[in-house]
Amino acid sequence: DGGITQSPKYLFRKEGQNVTLSCEQNLNHDAMYWYRQDPGQGLRLIYYSQIVNDFQKGDIAEGYSVSREKKESFPLTVTSAQKNPTAFYLCASSQTGNTEAFFGQGTRLTVV
Amino acid sequence: EDQVTQSPEALRLQEGESSSLNCSYTVSGLRGLFWYRQDPGKGPEFLFTLYSAGEEKEKERLKATLTKKESFLHITAPKPEDSATYLCAVQAEDMRFGAGTRLTVKP
């Protein structure tokens, strides 16, 4: 089945630790996105990539880093510099241009 | 700056009571407008894509329309299973979302 896989579904980390969230797609999509969603709020763009080895910051990139070494993979690292990392993280992919994005099921990160 | 605003924030309907959700936007170089449904704790599920003013799309009880400044999601005779958060997104350089409308349909 084609789709986007995020792992893990739930993640717990201690304050001050870096953590990496996985996102893999087998849809052969060029563009991939990371969003953050806080309770009762919409999606805010962290980073996006339209092609391998290239990515751009979104509105809330501070404290996050990404890589795009393969077309299928777009991992997100939440660093210790992110002041309030506890949130629901969503990864999406689409063909470049003007087509709809498809989402993974999300990773809920809790930092204690 | 590109902006997407959805209204109302929350909407409570009785089963069978039709209504509309609004998505207004200001964006340079709109490539597409998308509607999604999101259930609690899940990723958004794609519903519709609209590309140009005057375009309409339908799926079961849902109908999406687009003008140059806004889009509407019309819900006809809703059922309790239509309860969810409905998100609007616009595609320009990146894909930007509104805050969503939380719809509750009571039986």
# chains A, B, ... in the order shown; residues from 1 in each chain; ligands from 1
$ interface_residues --of "chain A" --to "chain B" --cutoff "6 Å" --atoms "only C-alpha atoms" --output "list in words"
Gln41, Gly42, Leu43, Asn98, Phe103, Gly104, Gln105 and Gly106 of chain A
$ residues_around --residues "Val112 of chain A" --least-positions-apart "6" --cutoff "9 Å" --atoms "only C-alpha atoms" --output "ChimeraX atom specification"
/A:12-15,86
$ write_last_selection --atoms "C-alpha atoms" --output "compact mmCIF listing (two decimals), in the first residue's frame"
# COMPACT_ATOMS: atom_id res chain seq x y z
CA PHE A 12 8.66 10.56 25.44
CA ARG A 13 11.91 12.40 26.05
CA LYS A 14 13.61 14.18 28.88
CA GLU A 15 14.13 17.91 28.67
CA THR A 86 5.61 18.93 23.46
$ closest_residue --among "B:Leu73, B:Leu103, B:Leu13, B:Val27" --to "Lys57 of chain B" --atoms "only C-alpha atoms"
B:Leu73
$ residues_around --residues "Ile60 of chain A" --least-positions-apart "6" --cutoff "9 Å" --atoms "only C-alpha atoms" --output "number ranges by chain"
A: 36, 44-47
$ residues_around --residues "Leu109 of chain A" --least-positions-apart "5" --cutoff "10 Å" --atoms "only C-alpha atoms" --output "MDAnalysis selection string"
chainID A and resid 8:13 19 21 78 85:89
$ write_last_selection --atoms "N, CA, C and O atoms" --output "mmCIF file, in the first residue's frame"
data_model
loop_
_atom_site.group_PDB
_atom_site.id
_atom_site.type_symbol
_atom_site.label_atom_id
_atom_site.label_comp_id
_atom_site.auth_asym_id
_atom_site.auth_seq_id
_atom_site.Cartn_x
_atom_site.Cartn_y
_atom_site.Cartn_z
ATOM 1 N N PRO A 8 7.980 7.065 15.897
ATOM 2 C CA PRO A 8 6.928 6.265 16.493
ATOM 3 C C PRO A 8 5.633 7.068 16.611
ATOM 4 O O PRO A 8 5.619 8.261 16.333
ATOM 5 N N LYS A 9 4.562 6.444 17.062
ATOM 6 C CA LYS A 9 3.299 7.144 17.244
ATOM 7 C C LYS A 9 3.347 8.010 18.502
ATOM 8 O O LYS A 9 2.805 9.116 18.527
ATOM 9 N N TYR A 10 3.970 7.488 19.555
ATOM 10 C CA TYR A 10 4.148 8.229 20.803
ATOM 11 C C TYR A 10 5.625 8.231 21.164
ATOM 12 O O TYR A 10 6.311 7.220 21.000
ATOM 13 N N LEU A 11 6.100 9.362 21.672
ATOM 14 C CA LEU A 11 7.507 9.493 22.003
ATOM 15 C C LEU A 11 7.647 10.340 23.258
ATOM 16 O O LEU A 11 7.056 11.423 23.346
ATOM 17 N N PHE A 12 8.408 9.832 24.202
ATOM 18 C CA PHE A 12 8.660 10.555 25.443
ATOM 19 C C PHE A 12 10.152 10.813 25.556
ATOM 20 O O PHE A 12 10.961 9.918 25.328
ATOM 21 N N ARG A 13 10.505 12.040 25.911
ATOM 22 C CA ARG A 13 11.907 12.396 26.052
ATOM 23 C C ARG A 13 12.088 13.324 27.246
ATOM 24 O O ARG A 13 11.176 14.055 27.633
ATOM 25 N N VAL A 19 15.752 14.692 19.816
ATOM 26 C CA VAL A 19 14.976 13.530 19.411
ATOM 27 C C VAL A 19 14.667 13.649 17.920
ATOM 28 O O VAL A 19 14.430 14.748 17.416
ATOM 29 N N LEU A 21 12.264 12.401 14.707
ATOM 30 C CA LEU A 21 11.003 11.800 14.273
ATOM 31 C C LEU A 21 11.161 11.336 12.829
ATOM 32 O O LEU A 21 11.668 12.070 11.975
ATOM 33 N N VAL A 78 14.095 17.338 16.717
ATOM 34 C CA VAL A 78 13.693 18.367 17.672
ATOM 35 C C VAL A 78 14.866 18.546 18.627
ATOM 36 O O VAL A 78 15.234 17.609 19.352
ATOM 37 N N PRO A 85 8.705 21.829 23.125
ATOM 38 C CA PRO A 85 8.609 20.818 22.075
ATOM 39 C C PRO A 85 7.413 19.877 22.180
ATOM 40 O O PRO A 85 7.110 19.180 21.213
ATOM 41 N N THR A 86 6.740 19.843 23.307
ATOM 42 C CA THR A 86 5.605 18.934 23.458
ATOM 43 C C THR A 86 4.490 19.342 22.506
ATOM 44 O O THR A 86 3.961 20.450 22.598
ATOM 45 N N ALA A 87 4.144 18.436 21.575
ATOM 46 C CA ALA A 87 3.142 18.750 20.542
ATOM 47 C C ALA A 87 2.884 17.503 19.714
ATOM 48 O O ALA A 87 3.515 16.464 19.891
ATOM 49 N N PHE A 88 1.948 17.645 18.787
ATOM 50 C CA PHE A 88 1.608 16.612 17.808
ATOM 51 C C PHE A 88 2.278 17.008 16.500
ATOM 52 O O PHE A 88 2.052 18.116 15.994
ATOM 53 N N TYR A 89 3.134 16.120 15.956
ATOM 54 C CA TYR A 89 3.898 16.438 14.756
ATOM 55 C C TYR A 89 3.369 15.633 13.575
ATOM 56 O O TYR A 89 3.205 14.406 13.658
#
$ atom_distance --atom1 "atom CA of Leu66 of chain B" --atom2 "atom CA of Ser94 of chain A"
21.3 Å
$ atom_distance --atom1 "atom CA of Pro39 of chain A" --atom2 "atom CA of Val111 of chain A"
15.2 Å
$ atom_distance --atom1 "atom CA of Trp34 of chain A" --atom2 "atom CA of Leu76 of chain A"
7.6 Å
$ closest_residue --among "B:Ala53, B:Cys23, B:Ala77, B:Val105" --to "Thr5 of chain B" --atoms "only C-alpha atoms"
B:Cys23
$ residues_around --residues "Glu62 of chain A" --least-positions-apart "3" --cutoff "9 Å" --atoms "only C-alpha atoms" --output "list in words"
Ile46, Lys57, Asp59, Ser65, Ala81 and Gln82 of chain A
$ select_by_dssp --residues "chain B" --states "strand (DSSP E or B)" --output "CSV table (one decimal) with N, CA, C and O atoms, in the first residue's frame"
chain,number,residue,atom,x,y,z
B,3,GLN,N,-2.0,34.5,4.4
B,3,GLN,CA,-2.8,34.2,5.6
B,3,GLN,C,-4.1,33.4,5.2
B,3,GLN,O,-4.6,33.6,4.1
B,4,VAL,N,-4.4,32.5,6.1
B,4,VAL,CA,-5.6,31.7,5.9
B,4,VAL,C,-6.5,31.8,7.2
B,4,VAL,O,-5.9,31.5,8.2
B,5,THR,N,-7.7,32.2,7.1
B,5,THR,CA,-8.6,32.4,8.2
B,5,THR,C,-9.8,31.6,8.1
B,5,THR,O,-10.5,31.7,7.1
B,6,GLN,N,-10.1,30.8,9.0
B,6,GLN,CA,-11.4,30.0,9.0
B,6,GLN,C,-12.4,30.4,10.0
B,6,GLN,O,-12.0,30.8,11.1
B,7,SER,N,-13.6,30.4,9.6
B,7,SER,CA,-14.7,30.7,10.6
B,7,SER,C,-15.9,29.8,10.3
B,7,SER,O,-16.1,29.4,9.2
B,10,ALA,N,-15.9,27.1,16.0
B,10,ALA,CA,-16.6,25.9,16.3
B,10,ALA,C,-18.0,26.0,15.9
B,10,ALA,O,-18.6,27.1,15.9
B,11,LEU,N,-18.7,24.9,15.5
B,11,LEU,CA,-20.0,24.9,15.0
B,11,LEU,C,-20.8,23.7,15.5
B,11,LEU,O,-20.3,22.6,15.4
B,12,ARG,N,-21.9,23.9,16.2
B,12,ARG,CA,-22.7,22.8,16.6
B,12,ARG,C,-24.0,22.8,15.9
B,12,ARG,O,-24.7,23.8,15.8
B,13,LEU,N,-24.3,21.6,15.3
B,13,LEU,CA,-25.5,21.5,14.4
B,13,LEU,C,-26.3,20.3,14.9
B,13,LEU,O,-25.8,19.3,15.5
B,14,GLN,N,-27.6,20.4,14.7
B,14,GLN,CA,-28.5,19.2,14.9
B,14,GLN,C,-28.4,18.3,13.6
B,14,GLN,O,-28.2,18.9,12.5
B,19,SER,N,-25.4,23.7,6.9
B,19,SER,CA,-24.7,25.0,7.2
B,19,SER,C,-23.4,25.0,6.3
B,19,SER,O,-23.2,24.2,5.5
B,20,SER,N,-22.7,26.1,6.5
B,20,SER,CA,-21.5,26.4,5.7
B,20,SER,C,-20.3,26.8,6.6
B,20,SER,O,-20.5,27.5,7.6
B,21,LEU,N,-19.1,26.3,6.2
B,21,LEU,CA,-17.9,26.7,6.8
B,21,LEU,C,-17.1,27.7,5.9
B,21,LEU,O,-17.1,27.4,4.6
B,22,ASN,N,-16.4,28.7,6.4
B,22,ASN,CA,-15.8,29.6,5.6
B,22,ASN,C,-14.3,29.6,5.7
B,22,ASN,O,-13.7,29.3,6.8
B,23,CYS,N,-13.6,29.8,4.6
B,23,CYS,CA,-12.1,29.9,4.6
B,23,CYS,C,-11.7,31.1,3.7
B,23,CYS,O,-12.0,31.1,2.5
B,24,SER,N,-11.2,32.1,4.3
B,24,SER,CA,-10.8,33.3,3.6
B,24,SER,C,-9.3,33.3,3.5
B,24,SER,O,-8.6,32.9,4.5
B,25,TYR,N,-8.7,33.8,2.4
B,25,TYR,CA,-7.3,33.8,2.3
B,25,TYR,C,-6.7,35.0,1.6
B,25,TYR,O,-7.4,35.6,0.8
B,26,THR,N,-5.5,35.3,1.9
B,26,THR,CA,-4.7,36.3,1.2
B,26,THR,C,-3.4,35.6,0.9
B,26,THR,O,-2.6,35.3,1.8
B,32,GLY,N,-3.5,26.4,-5.5
B,32,GLY,CA,-4.6,25.5,-5.2
B,32,GLY,C,-5.1,25.7,-3.8
B,32,GLY,O,-4.4,26.2,-2.9
B,33,LEU,N,-6.4,25.4,-3.5
B,33,LEU,CA,-7.0,25.4,-2.2
B,33,LEU,C,-7.5,24.1,-1.9
B,33,LEU,O,-8.1,23.4,-2.7
B,34,PHE,N,-7.2,23.6,-0.6
B,34,PHE,CA,-7.5,22.2,-0.3
B,34,PHE,C,-8.4,22.2,1.0
B,34,PHE,O,-8.2,23.0,1.9
B,35,TRP,N,-9.3,21.3,1.1
B,35,TRP,CA,-10.1,21.0,2.3
B,35,TRP,C,-9.7,19.6,2.8
B,35,TRP,O,-9.6,18.7,2.0
B,36,TYR,N,-9.5,19.6,4.2
B,36,TYR,CA,-9.2,18.3,4.8
B,36,TYR,C,-10.2,18.1,6.0
B,36,TYR,O,-10.7,19.1,6.6
B,37,ARG,N,-10.3,16.9,6.4
B,37,ARG,CA,-11.1,16.5,7.6
B,37,ARG,C,-10.1,15.9,8.5
B,37,ARG,O,-9.2,15.1,8.1
B,38,GLN,N,-10.1,16.3,9.8
B,38,GLN,CA,-9.2,15.7,10.8
B,38,GLN,C,-10.0,15.2,12.0
B,38,GLN,O,-10.8,16.0,12.6
B,45,GLU,N,-7.3,14.1,6.7
B,45,GLU,CA,-7.7,13.3,5.5
B,45,GLU,C,-8.1,14.2,4.4
B,45,GLU,O,-9.0,15.1,4.6
B,46,PHE,N,-7.6,14.1,3.2
B,46,PHE,CA,-7.9,14.9,2.1
B,46,PHE,C,-9.3,14.8,1.6
B,46,PHE,O,-9.8,13.7,1.5
B,47,LEU,N,-10.0,15.9,1.3
B,47,LEU,CA,-11.3,16.0,0.8
B,47,LEU,C,-11.4,16.5,-0.6
B,47,LEU,O,-11.9,15.8,-1.5
B,48,PHE,N,-11.0,17.8,-0.8
B,48,PHE,CA,-11.1,18.4,-2.1
B,48,PHE,C,-9.9,19.3,-2.4
B,48,PHE,O,-9.3,19.8,-1.6
B,49,THR,N,-9.8,19.5,-3.8
B,49,THR,CA,-8.8,20.5,-4.3
B,49,THR,C,-9.6,21.4,-5.2
B,49,THR,O,-10.4,20.9,-6.0
B,50,LEU,N,-9.4,22.7,-5.1
B,50,LEU,CA,-10.0,23.7,-5.9
B,50,LEU,C,-8.9,24.6,-6.5
B,50,LEU,O,-8.0,25.0,-5.8
B,56,GLU,N,-16.4,24.1,-8.3
B,56,GLU,CA,-17.1,23.5,-7.2
B,56,GLU,C,-16.8,22.0,-7.3
B,56,GLU,O,-16.6,21.4,-8.3
B,57,LYS,N,-16.7,21.4,-6.1
B,57,LYS,CA,-16.5,19.9,-6.0
B,57,LYS,C,-17.5,19.4,-4.9
B,57,LYS,O,-17.8,20.0,-3.9
B,58,GLU,N,-18.0,18.1,-5.2
B,58,GLU,CA,-18.9,17.5,-4.3
B,58,GLU,C,-18.5,16.1,-3.9
B,58,GLU,O,-17.9,15.4,-4.7
B,59,LYS,N,-18.8,15.8,-2.7
B,59,LYS,CA,-18.6,14.4,-2.2
B,59,LYS,C,-19.6,14.1,-1.1
B,59,LYS,O,-19.5,14.7,0.0
B,62,LEU,N,-21.0,16.8,1.3
B,62,LEU,CA,-20.1,18.0,1.3
B,62,LEU,C,-20.0,18.6,-0.1
B,62,LEU,O,-19.9,17.9,-1.1
B,63,LYS,N,-19.9,19.9,-0.1
B,63,LYS,CA,-19.7,20.6,-1.4
B,63,LYS,C,-18.8,21.8,-1.1
B,63,LYS,O,-19.0,22.6,-0.2
B,64,ALA,N,-17.7,21.9,-1.9
B,64,ALA,CA,-16.7,23.0,-1.7
B,64,ALA,C,-16.8,23.9,-2.9
B,64,ALA,O,-16.9,23.5,-4.0
B,65,THR,N,-16.7,25.2,-2.6
B,65,THR,CA,-16.8,26.2,-3.7
B,65,THR,C,-15.6,27.2,-3.4
B,65,THR,O,-15.1,27.3,-2.3
B,66,LEU,N,-15.2,27.9,-4.5
B,66,LEU,CA,-14.1,28.8,-4.4
B,66,LEU,C,-14.4,30.1,-5.2
B,66,LEU,O,-14.9,30.1,-6.3
B,70,GLU,N,-12.2,33.6,-1.1
B,70,GLU,CA,-12.6,32.7,0.0
B,70,GLU,C,-13.2,31.4,-0.6
B,70,GLU,O,-13.5,31.3,-1.8
B,71,SER,N,-13.3,30.4,0.3
B,71,SER,CA,-13.9,29.2,-0.1
B,71,SER,C,-14.9,28.8,1.0
B,71,SER,O,-14.8,29.2,2.1
B,72,PHE,N,-15.9,28.1,0.5
B,72,PHE,CA,-16.9,27.6,1.5
B,72,PHE,C,-17.0,26.1,1.4
B,72,PHE,O,-16.9,25.5,0.3
B,73,LEU,N,-17.2,25.5,2.5
B,73,LEU,CA,-17.5,24.1,2.6
B,73,LEU,C,-19.0,23.9,3.1
B,73,LEU,O,-19.3,24.3,4.3
B,74,HIS,N,-19.9,23.5,2.2
B,74,HIS,CA,-21.3,23.4,2.5
B,74,HIS,C,-21.6,22.0,3.0
B,74,HIS,O,-21.1,21.0,2.3
B,75,ILE,N,-22.3,21.9,4.1
B,75,ILE,CA,-22.6,20.6,4.6
B,75,ILE,C,-24.1,20.4,4.6
B,75,ILE,O,-24.8,21.2,5.3
B,84,ALA,N,-16.1,16.4,13.2
B,84,ALA,CA,-14.6,16.4,13.0
B,84,ALA,C,-14.2,17.9,12.9
B,84,ALA,O,-15.0,18.8,13.0
B,85,THR,N,-12.9,18.1,12.8
B,85,THR,CA,-12.3,19.4,12.5
B,85,THR,C,-12.1,19.5,11.0
B,85,THR,O,-11.4,18.6,10.5
B,86,TYR,N,-12.5,20.5,10.4
B,86,TYR,CA,-12.3,20.7,9.0
B,86,TYR,C,-11.3,21.8,8.7
B,86,TYR,O,-11.4,22.9,9.3
B,87,LEU,N,-10.3,21.5,8.0
B,87,LEU,CA,-9.1,22.3,7.8
B,87,LEU,C,-9.1,22.8,6.3
B,87,LEU,O,-9.3,22.0,5.4
B,88,CYS,N,-8.7,24.0,6.1
B,88,CYS,CA,-8.5,24.6,4.8
B,88,CYS,C,-7.0,24.9,4.7
B,88,CYS,O,-6.4,25.3,5.6
B,89,ALA,N,-6.5,24.7,3.5
B,89,ALA,CA,-5.1,25.0,3.2
B,89,ALA,C,-4.9,25.6,1.8
B,89,ALA,O,-5.7,25.3,0.9
B,90,VAL,N,-4.0,26.5,1.7
B,90,VAL,CA,-3.7,27.1,0.4
B,90,VAL,C,-2.3,26.8,0.0
B,90,VAL,O,-1.3,26.7,0.8
B,91,GLN,N,-2.1,26.5,-1.3
B,91,GLN,CA,-0.8,26.2,-1.8
B,91,GLN,C,-0.2,27.4,-2.6
B,91,GLN,O,-0.9,27.8,-3.6
B,95,MET,N,2.6,25.2,1.7
B,95,MET,CA,1.2,24.9,1.9
B,95,MET,C,0.9,25.4,3.4
B,95,MET,O,1.5,24.9,4.3
B,96,ARG,N,-0.1,26.3,3.4
B,96,ARG,CA,-0.4,27.0,4.7
B,96,ARG,C,-1.8,26.7,5.1
B,96,ARG,O,-2.7,26.8,4.3
B,97,PHE,N,-2.0,26.4,6.4
B,97,PHE,CA,-3.3,25.9,6.9
B,97,PHE,C,-4.0,27.0,7.7
B,97,PHE,O,-3.3,27.8,8.4
B,101,THR,N,-12.2,24.5,11.6
B,101,THR,CA,-13.5,24.7,12.2
B,101,THR,C,-13.9,23.3,12.9
B,101,THR,O,-13.9,22.3,12.2
B,102,ARG,N,-14.2,23.3,14.2
B,102,ARG,CA,-14.5,22.1,14.9
B,102,ARG,C,-16.0,21.9,14.8
B,102,ARG,O,-16.8,22.7,15.4
B,103,LEU,N,-16.5,20.9,14.0
B,103,LEU,CA,-17.9,20.7,13.8
B,103,LEU,C,-18.4,19.6,14.7
B,103,LEU,O,-17.8,18.5,14.7
B,104,THR,N,-19.5,19.8,15.4
B,104,THR,CA,-20.2,18.8,16.2
B,104,THR,C,-21.6,18.7,15.7
B,104,THR,O,-22.3,19.7,15.6
B,105,VAL,N,-22.0,17.4,15.3
B,105,VAL,CA,-23.3,17.2,14.8
B,105,VAL,C,-24.0,16.3,15.8
B,105,VAL,O,-23.6,15.2,16.1
B,106,LYS,N,-25.1,16.8,16.4
B,106,LYS,CA,-25.8,16.1,17.5
B,106,LYS,C,-27.0,15.3,16.9
B,106,LYS,O,-27.7,15.8,16.0
$ decode --residues "segment 21-33 of chain B" --atoms "all heavy atoms" --output "PDB file, in the first residue's frame"
ATOM      1  N   LEU B  21     -19.116  26.333   6.187  1.00  0.00           N
ATOM      2  CA  LEU B  21     -17.877  26.749   6.829  1.00  0.00           C
ATOM      3  C   LEU B  21     -17.133  27.658   5.862  1.00  0.00           C
ATOM      4  O   LEU B  21     -17.149  27.430   4.645  1.00  0.00           O
ATOM      5  CB  LEU B  21     -16.994  25.531   7.141  1.00  0.00           C
ATOM      6  CG  LEU B  21     -17.346  24.633   8.332  1.00  0.00           C
ATOM      7  CD1 LEU B  21     -18.770  24.125   8.262  1.00  0.00           C
ATOM      8  CD2 LEU B  21     -16.355  23.485   8.418  1.00  0.00           C
ATOM      9  N   ASN B  22     -16.447  28.654   6.409  1.00  0.00           N
ATOM     10  CA  ASN B  22     -15.774  29.636   5.565  1.00  0.00           C
ATOM     11  C   ASN B  22     -14.257  29.553   5.700  1.00  0.00           C
ATOM     12  O   ASN B  22     -13.725  29.304   6.792  1.00  0.00           O
ATOM     13  CB  ASN B  22     -16.244  31.040   5.934  1.00  0.00           C
ATOM     14  CG  ASN B  22     -15.527  32.122   5.137  1.00  0.00           C
ATOM     15  OD1 ASN B  22     -14.550  32.708   5.590  1.00  0.00           O
ATOM     16  ND2 ASN B  22     -15.989  32.355   3.932  1.00  0.00           N
ATOM     17  N   CYS B  23     -13.567  29.782   4.585  1.00  0.00           N
ATOM     18  CA  CYS B  23     -12.108  29.889   4.569  1.00  0.00           C
ATOM     19  C   CYS B  23     -11.749  31.098   3.706  1.00  0.00           C
ATOM     20  O   CYS B  23     -11.957  31.075   2.502  1.00  0.00           O
ATOM     21  CB  CYS B  23     -11.493  28.624   3.978  1.00  0.00           C
ATOM     22  SG  CYS B  23      -9.717  28.726   3.670  1.00  0.00           S
ATOM     23  N   SER B  24     -11.241  32.141   4.340  1.00  0.00           N
ATOM     24  CA  SER B  24     -10.815  33.314   3.566  1.00  0.00           C
ATOM     25  C   SER B  24      -9.290  33.343   3.528  1.00  0.00           C
ATOM     26  O   SER B  24      -8.635  32.917   4.488  1.00  0.00           O
ATOM     27  CB  SER B  24     -11.360  34.605   4.169  1.00  0.00           C
ATOM     28  OG  SER B  24     -10.872  34.779   5.472  1.00  0.00           O
ATOM     29  N   TYR B  25      -8.741  33.844   2.420  1.00  0.00           N
ATOM     30  CA  TYR B  25      -7.291  33.770   2.270  1.00  0.00           C
ATOM     31  C   TYR B  25      -6.738  34.997   1.564  1.00  0.00           C
ATOM     32  O   TYR B  25      -7.414  35.642   0.773  1.00  0.00           O
ATOM     33  CB  TYR B  25      -6.904  32.508   1.491  1.00  0.00           C
ATOM     34  CG  TYR B  25      -7.460  32.449   0.097  1.00  0.00           C
ATOM     35  CD1 TYR B  25      -6.751  32.957  -0.987  1.00  0.00           C
ATOM     36  CD2 TYR B  25      -8.711  31.884  -0.147  1.00  0.00           C
ATOM     37  CE1 TYR B  25      -7.266  32.907  -2.263  1.00  0.00           C
ATOM     38  CE2 TYR B  25      -9.238  31.836  -1.425  1.00  0.00           C
ATOM     39  CZ  TYR B  25      -8.507  32.342  -2.480  1.00  0.00           C
ATOM     40  OH  TYR B  25      -9.030  32.306  -3.742  1.00  0.00           O
ATOM     41  N   THR B  26      -5.500  35.305   1.898  1.00  0.00           N
ATOM     42  CA  THR B  26      -4.724  36.287   1.154  1.00  0.00           C
ATOM     43  C   THR B  26      -3.397  35.611   0.854  1.00  0.00           C
ATOM     44  O   THR B  26      -2.629  35.281   1.754  1.00  0.00           O
ATOM     45  CB  THR B  26      -4.498  37.578   1.964  1.00  0.00           C
ATOM     46  OG1 THR B  26      -3.916  37.234   3.228  1.00  0.00           O
ATOM     47  CG2 THR B  26      -5.803  38.303   2.209  1.00  0.00           C
ATOM     48  N   VAL B  27      -3.134  35.381  -0.401  1.00  0.00           N
ATOM     49  CA  VAL B  27      -1.917  34.680  -0.787  1.00  0.00           C
ATOM     50  C   VAL B  27      -1.500  35.152  -2.172  1.00  0.00           C
ATOM     51  O   VAL B  27      -2.338  35.436  -3.016  1.00  0.00           O
ATOM     52  CB  VAL B  27      -2.131  33.149  -0.752  1.00  0.00           C
ATOM     53  CG1 VAL B  27      -3.194  32.720  -1.743  1.00  0.00           C
ATOM     54  CG2 VAL B  27      -0.841  32.404  -0.984  1.00  0.00           C
ATOM     55  N   SER B  28      -0.211  35.235  -2.371  1.00  0.00           N
ATOM     56  CA  SER B  28       0.317  35.606  -3.681  1.00  0.00           C
ATOM     57  C   SER B  28       0.557  34.351  -4.497  1.00  0.00           C
ATOM     58  O   SER B  28       1.246  33.444  -4.046  1.00  0.00           O
ATOM     59  CB  SER B  28       1.633  36.374  -3.510  1.00  0.00           C
ATOM     60  OG  SER B  28       1.445  37.534  -2.736  1.00  0.00           O
ATOM     61  N   GLY B  29      -0.018  34.318  -5.671  1.00  0.00           N
ATOM     62  CA  GLY B  29       0.239  33.177  -6.548  1.00  0.00           C
ATOM     63  C   GLY B  29      -0.406  31.885  -6.081  1.00  0.00           C
ATOM     64  O   GLY B  29       0.269  30.865  -5.960  1.00  0.00           O
ATOM     65  N   LEU B  30      -1.717  31.934  -5.833  1.00  0.00           N
ATOM     66  CA  LEU B  30      -2.421  30.736  -5.379  1.00  0.00           C
ATOM     67  C   LEU B  30      -2.328  29.636  -6.427  1.00  0.00           C
ATOM     68  O   LEU B  30      -2.683  29.830  -7.584  1.00  0.00           O
ATOM     69  CB  LEU B  30      -3.884  31.072  -5.099  1.00  0.00           C
ATOM     70  CG  LEU B  30      -4.746  29.894  -4.644  1.00  0.00           C
ATOM     71  CD1 LEU B  30      -4.389  29.500  -3.222  1.00  0.00           C
ATOM     72  CD2 LEU B  30      -6.223  30.232  -4.759  1.00  0.00           C
ATOM     73  N   ARG B  31      -1.862  28.478  -6.005  1.00  0.00           N
ATOM     74  CA  ARG B  31      -1.787  27.333  -6.913  1.00  0.00           C
ATOM     75  C   ARG B  31      -2.932  26.361  -6.679  1.00  0.00           C
ATOM     76  O   ARG B  31      -3.261  25.573  -7.562  1.00  0.00           O
ATOM     77  CB  ARG B  31      -0.467  26.604  -6.720  1.00  0.00           C
ATOM     78  CG  ARG B  31       0.740  27.424  -7.090  1.00  0.00           C
ATOM     79  CD  ARG B  31       1.997  26.612  -6.861  1.00  0.00           C
ATOM     80  NE  ARG B  31       3.199  27.387  -7.131  1.00  0.00           N
ATOM     81  CZ  ARG B  31       4.424  26.929  -6.914  1.00  0.00           C
ATOM     82  NH1 ARG B  31       4.600  25.717  -6.426  1.00  0.00           N
ATOM     83  NH2 ARG B  31       5.465  27.679  -7.174  1.00  0.00           N
ATOM     84  N   GLY B  32      -3.518  26.403  -5.480  1.00  0.00           N
ATOM     85  CA  GLY B  32      -4.615  25.493  -5.179  1.00  0.00           C
ATOM     86  C   GLY B  32      -5.107  25.723  -3.763  1.00  0.00           C
ATOM     87  O   GLY B  32      -4.371  26.218  -2.924  1.00  0.00           O
ATOM     88  N   LEU B  33      -6.371  25.363  -3.529  1.00  0.00           N
ATOM     89  CA  LEU B  33      -6.951  25.436  -2.194  1.00  0.00           C
ATOM     90  C   LEU B  33      -7.487  24.059  -1.852  1.00  0.00           C
ATOM     91  O   LEU B  33      -8.120  23.413  -2.689  1.00  0.00           O
ATOM     92  CB  LEU B  33      -8.060  26.489  -2.125  1.00  0.00           C
ATOM     93  CG  LEU B  33      -8.662  26.719  -0.717  1.00  0.00           C
ATOM     94  CD1 LEU B  33      -8.957  28.191  -0.485  1.00  0.00           C
ATOM     95  CD2 LEU B  33      -9.877  25.865  -0.478  1.00  0.00           C
TER      96      LEU B  33
END
